[in-house]
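First comes the structure, then the notes that go with it.
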Amino acid sequence: MACDTSDPGFQILNDDEIVVSVREDVEVEVEEEPSADVEVDAGPSASEAFAGLETALKWMERQPECDHLQLLTVKRMRDLAARKRLKTAKQLTLTEMFKKQ
């Protein structure tokens, strides 16, 4: 233990110093969180991703350079976007469904 005292990364702190150190760390973390005023770009929606991957897949199928493994990879990504699109879709109530028809 005596050899660690010369190490600048090792500190011997009493209880009060530990509390101060932890509070400083928490304050830094709180300041780093984005504020509610700043809009965070969530990127494309699942529907937008599905449409883009569908277009890319149609284009890739016509290219002689694309092999089956590449097509399968894009199909899997498209299917993932389709599943996520279905999960995020809002379910209509019966009255809403009949009003639209």
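Every chain in the structure tokens takes a letter, A first, then B, and so on in the order presented; its residues are numbered from 1, and the ligands are numbered from 1 following the presented order.
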Margin query: Need to verify the contact set: Glu61 in chain A, 10 Å, only C-alpha atoms, exclusion of same-chain residues closer than 5 positions in sequence. Can you return it as a list in words?
Written below: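 Skipping anything fewer than 5 positions along the chain leaves Ala56, Cys66, Asp67, His68, Gln70 and Leu71 of chain A.
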Notebook entry, point to check: Looking at only C-alpha atoms, which of A:Met77, A:Ala89, A:Thr95, A:Ser21 is the one that sits closest to Phe50 in chain A?
Noted result: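 So, comparing all the options, the nearest one is A:Met77.
Separating CA of Arg76 in chain A from CA of Gln91 in chain A is a distance of 25.0 Å.
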Margin query: I need the residue nearest Lys87 in chain A from this list: A:Asn14, A:Thr73, A:Ser45, A:Gln63. Use only C-alpha atoms for the distance.
Written below: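 The closest residue to Lys87 in chain A is A:Ser45.
If only C-alpha atoms are the atoms counted, then among A:Lys75, A:Lys90, A:Lys99, A:Arg83 the closest residue to Met60 in chain A is A:Lys75.
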